[in-house]
file input-v8.txt (compact mmCIF, C-alpha atoms (C1' of nucleotides))
# COMPACT_ATOMS: atom_id res chain seq x y z
CA MET V 1 24.77 44.03 -57.97
CA GLY V 2 27.81 45.74 -59.44
CA GLY V 3 26.57 49.21 -59.94
CA PHE V 4 28.05 51.50 -62.38
CA ASP V 5 30.09 50.77 -65.45
CA LEU V 6 32.53 53.62 -65.77
CA ALA V 7 33.75 52.19 -69.04
CA LYS V 8 30.48 53.10 -70.66
CA PHE V 9 30.09 56.47 -69.04
CA LEU V 10 30.35 59.17 -71.66
CA PRO V 11 32.03 61.89 -69.62
CA TYR V 12 34.72 59.40 -68.80
CA ARG V 13 35.10 58.12 -72.35
CA ILE V 14 35.27 61.56 -73.82
CA SER V 15 37.85 62.70 -71.38
CA VAL V 16 40.02 59.66 -72.00
CA ALA V 17 39.78 60.09 -75.74
CA ALA V 18 40.58 63.77 -75.45
CA ALA V 19 43.60 63.12 -73.27
CA ARG V 20 44.96 60.49 -75.63
CA VAL V 21 44.46 62.59 -78.72
CA SER V 22 45.96 65.67 -77.14
CA ARG V 23 48.95 63.81 -75.83
CA GLY V 24 49.43 62.19 -79.20
CA PHE V 25 49.56 65.52 -80.92
CA ALA V 26 51.51 67.31 -78.23
CA LYS V 27 54.18 64.65 -78.29
CA ARG V 28 54.90 65.53 -81.88
CA TYR V 29 55.63 69.15 -81.37
CA ARG V 30 56.64 69.45 -77.74
CA THR V 31 60.00 67.91 -78.49
CA GLU V 32 60.46 69.39 -81.89
CA PHE V 33 59.26 72.93 -81.30
CA GLY V 34 59.30 73.26 -77.55
CA ILE V 35 55.83 74.66 -77.06
CA SER V 36 52.91 73.57 -74.93
CA ILE V 37 49.30 73.05 -75.82
CA PRO V 38 48.10 76.44 -74.52
CA GLU V 39 50.92 78.08 -76.42
CA TRP V 40 49.97 76.23 -79.56
CA ARG V 41 46.41 77.40 -79.20
CA VAL V 42 47.42 80.99 -78.89
CA LEU V 43 49.71 80.71 -81.88
CA ALA V 44 47.03 79.03 -83.94
CA HIS V 45 44.48 81.66 -83.16
CA LEU V 46 46.89 84.49 -83.83
CA SER V 47 47.73 82.92 -87.12
CA ALA V 48 44.09 82.44 -88.07
CA ALA V 49 43.13 85.96 -87.05
CA GLY V 50 45.87 87.43 -89.15
CA GLY V 51 46.01 90.64 -87.21
CA PRO V 52 46.45 91.90 -83.66
CA VAL V 53 44.36 90.10 -81.12
CA SER V 54 43.61 90.83 -77.50
CA VAL V 55 44.02 88.42 -74.63
CA ARG V 56 40.31 88.54 -74.07
CA GLU V 57 39.63 87.57 -77.64
CA VAL V 58 41.85 84.54 -77.42
CA HIS V 59 40.29 83.69 -74.10
CA ALA V 60 36.79 83.73 -75.55
CA ARG V 61 37.57 81.94 -78.76
CA VAL V 62 39.90 79.32 -77.55
CA ASP V 63 38.28 78.19 -74.35
CA MET V 64 41.12 79.05 -72.03
CA ASP V 65 41.08 80.99 -68.80
CA LYS V 66 42.29 84.56 -69.08
CA SER V 67 45.24 83.82 -66.89
CA LYS V 68 46.17 80.83 -68.97
CA VAL V 69 46.17 82.93 -72.10
CA SER V 70 48.11 85.66 -70.36
CA ARG V 71 50.81 83.29 -69.21
CA ALA V 72 51.01 81.49 -72.52
CA ALA V 73 51.39 84.84 -74.23
CA ALA V 74 54.10 85.84 -71.80
CA ARG V 75 56.06 82.69 -72.53
CA LEU V 76 55.60 83.14 -76.25
CA GLU V 77 56.75 86.73 -75.99
CA GLN V 78 59.85 85.74 -74.11
CA ALA V 79 60.56 83.10 -76.70
CA GLY V 80 60.32 85.76 -79.38
CA TYR V 81 57.29 84.36 -81.16
CA VAL V 82 54.82 87.01 -80.13
CA ALA V 83 54.95 90.75 -79.61
CA LYS V 84 52.79 92.54 -77.09
CA ALA V 85 51.70 96.13 -77.65
CA GLU V 86 49.21 98.47 -76.12
CA ASN V 87 46.05 99.18 -78.04
CA SER V 88 45.85 102.93 -78.37
CA ASP V 89 42.09 102.96 -78.80
CA ASP V 90 41.51 101.09 -75.61
CA ARG V 91 44.52 101.08 -73.38
CA ARG V 92 43.20 98.21 -71.32
CA LEU V 93 43.72 95.92 -74.26
CA VAL V 94 46.88 94.19 -75.25
CA GLN V 95 47.66 93.63 -78.88
CA LEU V 96 49.20 90.27 -79.51
CA THR V 97 50.96 89.87 -82.82
CA LEU V 98 53.02 87.13 -84.35
CA THR V 99 56.61 88.06 -84.94
CA GLU V 100 58.46 86.88 -87.97
CA ALA V 101 59.83 84.02 -85.91
CA GLY V 102 56.33 83.28 -84.76
CA ARG V 103 55.02 83.05 -88.29
CA ASP V 104 57.89 80.77 -89.19
CA LEU V 105 57.15 78.55 -86.25
CA VAL V 106 53.49 78.30 -87.16
CA ALA V 107 54.42 77.52 -90.74
CA ARG V 108 56.49 74.63 -89.49
CA ILE V 109 53.88 73.31 -87.10
CA VAL V 110 50.84 73.54 -89.32
CA PRO V 111 51.88 70.69 -91.61
CA VAL V 112 52.34 68.51 -88.57
CA ALA V 113 48.91 69.48 -87.32
CA ARG V 114 47.34 68.79 -90.67
CA SER V 115 48.93 65.43 -90.96
CA TYR V 116 47.86 64.46 -87.47
CA HIS V 117 44.39 65.65 -88.27
CA ALA V 118 44.34 63.54 -91.39
CA GLU V 119 45.34 60.52 -89.35
CA LEU V 120 42.46 61.07 -87.01
CA LEU V 121 40.03 61.43 -89.88
CA ALA V 122 41.34 58.23 -91.36
CA ARG V 123 40.81 56.47 -88.10
CA LEU V 124 37.27 57.77 -87.88
CA GLY V 125 36.41 56.87 -91.43
CA PRO V 126 32.96 57.74 -92.68
CA GLU V 127 31.72 58.59 -89.22
CA ALA V 128 33.89 61.64 -89.04
CA ASP V 129 31.09 64.02 -89.92
CA SER V 130 28.74 62.57 -87.43
CA PHE V 131 31.48 62.81 -84.85
CA ARG V 132 32.01 66.47 -85.57
CA ARG V 133 28.35 67.21 -85.14
CA ALA V 134 28.24 65.27 -81.91
CA LEU V 135 31.15 67.22 -80.49
CA GLU V 136 29.46 70.43 -81.40
CA ARG V 137 26.31 69.46 -79.59
CA LEU V 138 28.22 68.51 -76.50
CA ALA V 139 30.39 71.57 -76.47
CA THR V 140 27.39 73.88 -76.55
CA GLU V 141 26.84 73.47 -72.86
CA GLU V 142 25.57 76.86 -71.98
CA GLU V 143 25.71 80.10 -73.80
CA GLU V 144 29.19 81.28 -73.18
CA ASP V 145 30.60 84.63 -72.86
CA ARG V 146 30.48 85.47 -76.53
CA LEU V 147 32.57 88.04 -78.27
CA PRO V 148 30.86 91.20 -79.56
CA GLU V 149 30.71 89.57 -82.99
CA LYS V 150 33.24 91.90 -84.45
CA GLU V 151 33.67 90.23 -87.74
CA ALA V 152 33.58 86.76 -89.07
CA PHE V 153 36.85 84.95 -89.34
CA VAL V 154 38.50 83.86 -92.51
CA HIS V 155 38.53 80.16 -93.02
CA ASP V 156 40.39 78.48 -95.77
CA ASP V 157 39.14 74.99 -96.18
CA MET G 1 45.36 83.91 -96.14
CA GLY G 2 45.37 83.05 -92.46
CA GLY G 3 46.51 79.50 -92.21
CA PHE G 4 45.08 77.22 -89.69
CA ASP G 5 41.55 77.05 -88.40
CA LEU G 6 41.79 75.88 -84.84
CA ALA G 7 38.01 75.77 -84.62
CA LYS G 8 37.98 72.82 -86.97
CA PHE G 9 40.91 71.02 -85.49
CA LEU G 10 39.76 67.80 -83.90
CA PRO G 11 42.20 67.60 -80.99
CA TYR G 12 41.02 71.03 -79.99
CA ARG G 13 37.33 70.28 -80.41
CA ILE G 14 37.52 67.08 -78.50
CA SER G 15 39.35 68.63 -75.64
CA VAL G 16 36.86 71.49 -75.42
CA ALA G 17 33.93 69.11 -75.47
CA ALA G 18 35.55 66.92 -72.85
CA ALA G 19 36.24 69.83 -70.58
CA ARG G 20 32.69 71.12 -70.85
CA VAL G 21 31.13 67.75 -70.24
CA SER G 22 33.39 66.95 -67.32
CA ARG G 23 32.82 70.30 -65.72
CA GLY G 24 29.11 69.93 -66.21
CA PHE G 25 29.08 66.64 -64.41
CA ALA G 26 31.56 67.56 -61.74
CA LYS G 27 29.57 70.63 -60.86
CA ARG G 28 26.68 68.41 -59.89
CA TYR G 29 28.49 66.33 -57.36
CA ARG G 30 31.41 68.44 -56.23
CA THR G 31 29.13 70.61 -54.18
CA GLU G 32 26.76 67.93 -53.10
CA PHE G 33 29.16 65.12 -52.28
CA GLY G 34 32.48 66.88 -51.99
CA ILE G 35 34.53 64.62 -54.21
CA SER G 36 36.70 65.30 -57.21
CA ILE G 37 36.77 63.65 -60.60
CA PRO G 38 39.71 61.36 -59.83
CA GLU G 39 38.00 60.34 -56.62
CA TRP G 40 34.79 59.63 -58.45
CA ARG G 41 36.66 57.45 -60.90
CA VAL G 42 38.21 55.41 -58.17
CA LEU G 43 34.90 55.00 -56.42
CA ALA G 44 33.18 53.99 -59.63
CA HIS G 45 35.77 51.39 -60.41
CA LEU G 46 35.75 50.01 -56.92
CA SER G 47 32.03 49.75 -57.08
CA ALA G 48 32.07 48.05 -60.46
CA ALA G 49 34.78 45.61 -59.45
CA GLY G 50 32.87 44.58 -56.37
CA GLY G 51 35.91 43.31 -54.55
CA PRO G 52 39.34 44.46 -53.44
CA VAL G 53 41.30 46.24 -56.12
CA SER G 54 44.93 47.31 -56.28
CA VAL G 55 46.14 50.78 -57.12
CA ARG G 56 47.75 49.40 -60.21
CA GLU G 57 44.49 47.93 -61.38
CA VAL G 58 42.67 51.20 -61.03
CA HIS G 59 45.55 52.92 -62.74
CA ALA G 60 45.37 50.62 -65.73
CA ARG G 61 41.62 50.53 -66.07
CA VAL G 62 40.79 54.09 -65.41
CA ASP G 63 43.49 55.93 -67.30
CA MET G 64 45.00 57.75 -64.38
CA ASP G 65 48.60 58.06 -63.35
CA LYS G 66 49.62 55.82 -60.46
CA SER G 67 50.29 58.79 -58.28
CA LYS G 68 46.90 60.28 -59.08
CA VAL G 69 45.20 57.07 -58.06
CA SER G 70 47.32 56.84 -54.95
CA ARG G 71 46.44 60.34 -53.85
CA ALA G 72 42.78 59.98 -54.67
CA ALA G 73 42.72 56.77 -52.66
CA ALA G 74 44.43 58.48 -49.75
CA ARG G 75 41.83 61.24 -49.73
CA LEU G 76 39.02 58.73 -49.96
CA GLU G 77 40.50 56.75 -47.13
CA GLN G 78 40.76 59.78 -44.95
CA ALA G 79 37.17 60.65 -45.77
CA GLY G 80 36.17 57.17 -44.67
CA TYR G 81 34.92 55.95 -48.03
CA VAL G 82 37.70 53.51 -48.74
CA ALA G 83 39.76 51.09 -46.68
CA LYS G 84 43.32 50.21 -47.55
CA ALA G 85 44.77 46.84 -46.64
CA GLU G 86 47.87 44.89 -47.51
CA ASN G 87 47.51 41.99 -49.89
CA SER G 88 48.98 38.99 -48.11
CA ASP G 89 49.78 37.12 -51.32
CA ASP G 90 51.81 39.96 -52.71
CA ARG G 91 52.76 42.48 -50.09
CA ARG G 92 53.59 45.09 -52.67
CA LEU G 93 49.92 45.39 -53.49
CA VAL G 94 47.35 47.46 -51.71
CA GLN G 95 43.81 46.26 -51.42
CA LEU G 96 41.33 49.04 -51.86
CA THR G 97 37.83 48.34 -50.64
CA LEU G 98 34.69 50.42 -50.33
CA THR G 99 33.57 50.95 -46.79
CA GLU G 100 29.93 51.02 -45.89
CA ALA G 101 30.00 54.80 -46.14
CA GLY G 102 31.68 54.43 -49.51
CA ARG G 103 28.95 52.17 -50.82
CA ASP G 104 26.35 54.60 -49.59
CA LEU G 105 28.07 57.47 -51.29
CA VAL G 106 28.25 55.61 -54.56
CA ALA G 107 24.62 54.71 -54.26
CA ARG G 108 23.77 58.35 -53.95
CA ILE G 109 25.99 59.48 -56.81
CA VAL G 110 25.06 56.85 -59.34
CA PRO G 111 21.57 58.19 -60.00
CA VAL G 112 23.05 61.60 -60.64
CA ALA G 113 25.54 60.08 -63.04
CA ARG G 114 22.85 58.15 -64.84
CA SER G 115 20.66 61.16 -65.22
CA TYR G 116 23.51 63.24 -66.55
CA HIS G 117 24.36 60.45 -68.95
CA ALA G 118 20.79 60.35 -70.13
CA GLU G 119 20.91 64.06 -70.82
CA LEU G 120 23.99 63.64 -72.93
CA LEU G 121 22.39 60.84 -74.89
CA ALA G 122 19.36 62.97 -75.46
CA ARG G 123 21.53 65.75 -76.75
CA LEU G 124 23.31 63.39 -79.08
CA GLY G 125 20.15 61.82 -80.38
CA PRO G 126 20.45 59.04 -82.90
CA GLU G 127 24.13 59.68 -83.43
CA ALA G 128 24.98 58.47 -79.98
CA ASP G 129 26.06 55.05 -81.15
CA SER G 130 28.24 56.39 -83.86
CA PHE G 131 29.76 58.75 -81.35
CA ARG G 132 30.57 55.92 -78.99
CA ARG G 133 32.33 54.01 -81.72
CA ALA G 134 34.28 57.06 -82.75
CA LEU G 135 35.48 57.64 -79.21
CA GLU G 136 36.60 54.08 -79.00
CA ARG G 137 38.64 54.38 -82.16
CA LEU G 138 40.30 57.52 -80.96
CA ALA G 139 41.05 56.24 -77.51
CA THR G 140 42.90 53.23 -78.88
CA GLU G 141 46.00 55.26 -79.47
CA GLU G 142 48.63 52.71 -78.76
CA GLU G 143 48.49 49.42 -76.99
CA GLU G 144 48.54 50.40 -73.38
CA ASP G 145 49.87 48.69 -70.46
CA ARG G 146 47.11 46.11 -70.24
CA LEU G 147 46.13 44.21 -67.19
CA PRO G 148 46.83 40.45 -67.07
CA GLU G 149 43.23 39.85 -68.11
CA LYS G 150 42.23 38.48 -64.77
CA GLU G 151 38.54 38.25 -65.33
CA ALA G 152 35.90 40.03 -67.24
CA PHE G 153 33.93 42.64 -65.41
CA VAL G 154 30.27 42.49 -64.65
CA HIS G 155 28.22 44.90 -66.62
CA ASP G 156 24.63 45.56 -65.91
CA ASP G 157 23.13 47.30 -68.86
C1' DA O 1 32.51 116.68 -64.94
C1' DC O 2 31.80 113.13 -61.79
C1' DG O 3 30.94 108.86 -59.52
C1' DG O 4 29.64 104.25 -59.81
C1' DT O 5 30.23 100.20 -62.40
C1' DA O 6 32.20 97.18 -65.92
C1' DT O 7 36.05 95.30 -68.44
C1' DC O 8 40.95 94.04 -69.35
C1' DG O 9 45.16 91.78 -68.23
C1' DT O 10 48.25 90.35 -64.53
C1' DT O 11 49.49 88.32 -60.32
C1' DG O 12 49.20 85.72 -55.78
C1' DC O 13 47.88 81.67 -53.88
C1' DA O 14 46.42 77.15 -52.88
C1' DT O 15 45.72 72.98 -55.29
C1' DT O 16 46.57 69.57 -58.82
C1' DT O 17 49.35 67.48 -62.09
C1' DG O 18 52.95 64.47 -64.27
C1' DC O 19 57.24 62.55 -63.85
C1' DA O 20 61.13 60.60 -61.80
C1' DA O 21 63.15 58.61 -57.85
C1' DC O 22 62.76 55.79 -54.05
C1' DG O 23 62.13 51.82 -50.68
C1' DA O 24 59.93 47.62 -50.37
C1' DT O 25 58.69 43.41 -52.22
C1' DG O 26 58.63 39.79 -55.71
C1' DT O 27 60.67 36.87 -59.61
C1' DC O 28 63.88 34.30 -61.96
C1' DA O 29 68.07 32.30 -63.43
C1' DA O 30 72.73 30.94 -62.38
C1' DT Z 1 71.13 30.98 -52.03
C1' DT Z 2 72.32 34.83 -54.17
C1' DG Z 3 72.15 38.70 -57.10
C1' DA Z 4 70.21 41.19 -60.98
C1' DC Z 5 66.09 42.91 -62.49
C1' DA Z 6 60.95 43.95 -62.47
C1' DT Z 7 56.85 45.68 -60.20
C1' DC Z 8 54.02 48.20 -56.72
C1' DG Z 9 52.74 52.25 -54.24
C1' DT Z 10 54.30 56.62 -52.26
C1' DT Z 11 56.57 60.88 -52.19
C1' DG Z 12 59.39 65.13 -53.70
C1' DC Z 13 59.41 68.50 -56.76
C1' DA Z 14 58.76 71.66 -60.37
C1' DA Z 15 55.32 73.18 -63.40
C1' DA Z 16 50.53 74.01 -64.61
C1' DT Z 17 45.92 75.14 -63.22
C1' DG Z 18 41.65 77.75 -61.63
C1' DC Z 19 40.04 81.34 -59.07
C1' DA Z 20 39.81 85.59 -56.82
C1' DA Z 21 41.71 90.01 -56.15
C1' DC Z 22 43.89 93.86 -57.92
C1' DG Z 23 45.29 98.22 -60.51
C1' DA Z 24 44.34 100.42 -64.59
C1' DT Z 25 41.33 101.98 -67.93
C1' DA Z 26 36.79 102.69 -70.13
C1' DC Z 27 31.81 103.46 -70.12
C1' DC Z 28 27.55 105.54 -68.76
C1' DG Z 29 23.92 107.99 -66.43
C1' DT Z 30 23.14 112.07 -63.98

call {"tool": "encode", "arguments": {"input": "input-v8.txt", "output": "structure tokens"}}
result
Amino acid sequence: MGGFDLAKFLPYRISVAAARVSRGFAKRYRTEFGISIPEWRVLAHLSAAGGPVSVREVHARVDMDKSKVSRAAARLEQAGYVAKAENSDDRRLVQLTLTEAGRDLVARIVPVARSYHAELLARLGPEADSFRRALERLATEEEEDRLPEKEAFVHDD
Amino acid sequence: MGGFDLAKFLPYRISVAAARVSRGFAKRYRTEFGISIPEWRVLAHLSAAGGPVSVREVHARVDMDKSKVSRAAARLEQAGYVAKAENSDDRRLVQLTLTEAGRDLVARIVPVARSYHAELLARLGPEADSFRRALERLATEEEEDRLPEKEAFVHDD
DNA sequence: ACGGTATCGTTGCATTTGCAACGATGTCAA
DNA sequence: TTGACATCGTTGCAAATGCAACGATACCGT
């Protein structure tokens, strides 16, 4: 008679796991560095991109609403981690750049991120690769709003 | 040189996948049945439990803040899907019960949930089991606030 | 050159969220 | 019994969120 076992329902399980993992990571840097998850995402993408990046670009790459990116950027600017400038080629665009302080902050957070990541991998063990692939398949819901494929990004590991 | 590749960072990937999957499911019933994700979770747990359930119990089982459960329950009550009563053994507790309308609603949603679940499994293919295990490992962050182990639940598949 | 349309980033707004505080009830030991 | 402490559910509140609308700028066909 009982009907539906939520505990085995994938959307539920994924969302619980995601919440736990995110909280676990956020706890480590929220106190220490005073930034939020959206802010961290913007910083990380700015750092990875290396150069000036528009709000739209972050929005598309990082799976955050435009307004979320905009507000995160505003907070980061006020905190002195990010500088906003007008793109002279296309004056609708905003150029987001890491300041010196921003680069320092990232440099301090990245080791924390890497170590947390390593913990997760350890917990996953040999299934980590399979897990990665699974996430990829699930995340490819529908063809999103892709970027004009400017240029490939630089990865380093 | 860029440092950190967010695109390979598990907390990020998981949270993106979770958001996509949840949105995908929610889209199917938000319009049709007019309930939100927290409300769906409460309904699902009530249905699975079969009998009266306290707010605290939902809170512990379903990974939602007390206040979130409380508000979802209030909305469900107002919509006529749930009845709230006072537990006479312990008058601090609230007894949440599905009304007839509530049971009907669940009966209509469950097939949708099952079909969505089946789609996800199909997308995952043979790695589904591995994925399940991985989620479980990740979700076991720290020993949570467990329930007094009243009785095991009834599963049906 | 001009007008219609598309894109970018910000902002207003209603809703949701998490957290802490609260009143009410229950428990337990002195 | 009494008083200190724990637990349950609700509520207040500040912050975060998604969405739509907006002004500004760019693009494109005529």

call {"tool": "calpha_fit_rmsd", "arguments": {"input": "input-v8.txt", "fixed": "chain G", "moving": "chain V"}}
result
0.1 Å

call {"tool": "interface_residues", "arguments": {"input": "input-v8.txt", "of": "chain G", "to": "chain V", "cutoff": "8 Å", "atoms": "all atoms listed in the file", "output": "PyMOL selection string"}}
result
chain G and resi 1-6+9-22+24-25+41+44-45+47-50+63+110+117+120+123-124+127-128+130-131+134-139+141+154-156

call {"tool": "residues_near_point", "arguments": {"input": "input-v8.txt", "point": "(34.1, 97.0, -63.6)", "cutoff": "10 Å", "atoms": "all atoms listed in the file", "output": "list in words"}}
result
DG4, DT5, DA6, DT7 and DC8 of chain O; DT25, DA26 and DC27 of chain Z

call {"tool": "interface_residues", "arguments": {"input": "input-v8.txt", "of": "chain G", "to": "chain Z", "cutoff": "8 Å", "atoms": "all atoms listed in the file", "output": "MDAnalysis selection string"}}
result
chainID G and resid 55:56 66:67 70 92:94

call {"tool": "interface_residues", "arguments": {"input": "input-v8.txt", "of": "chain O", "to": "chain G", "cutoff": "10 Å", "atoms": "only C-alpha atoms (C1' of nucleotides)", "output": "number ranges by chain"}}
result
O: 16-19, 24-26

call {"tool": "atom_distance", "arguments": {"input": "input-v8.txt", "atom1": "atom CA of G:Gly102", "atom2": "atom CA of G:Arg71"}}
result
16.5 Å

call {"tool": "atom_distance", "arguments": {"input": "input-v8.txt", "atom1": "atom C1' of O:DT15", "atom2": "atom CA of G:Ala73"}}
result
16.7 Å

call {"tool": "atom_distance", "arguments": {"input": "input-v8.txt", "atom1": "atom CA of V:Thr97", "atom2": "atom CA of V:Phe33"}}
result
18.9 Å

call {"tool": "axis_aligned_box", "arguments": {"input": "input-v8.txt", "around": "stretch 2-18 of chain Z", "padding_each_side": "5 Å", "output": "AutoDock Vina command-line options"}}
result
--center_x 57.0 --center_y 56.3 --center_z -58.4 --size_x 40.7 --size_y 52.9 --size_z 22.4
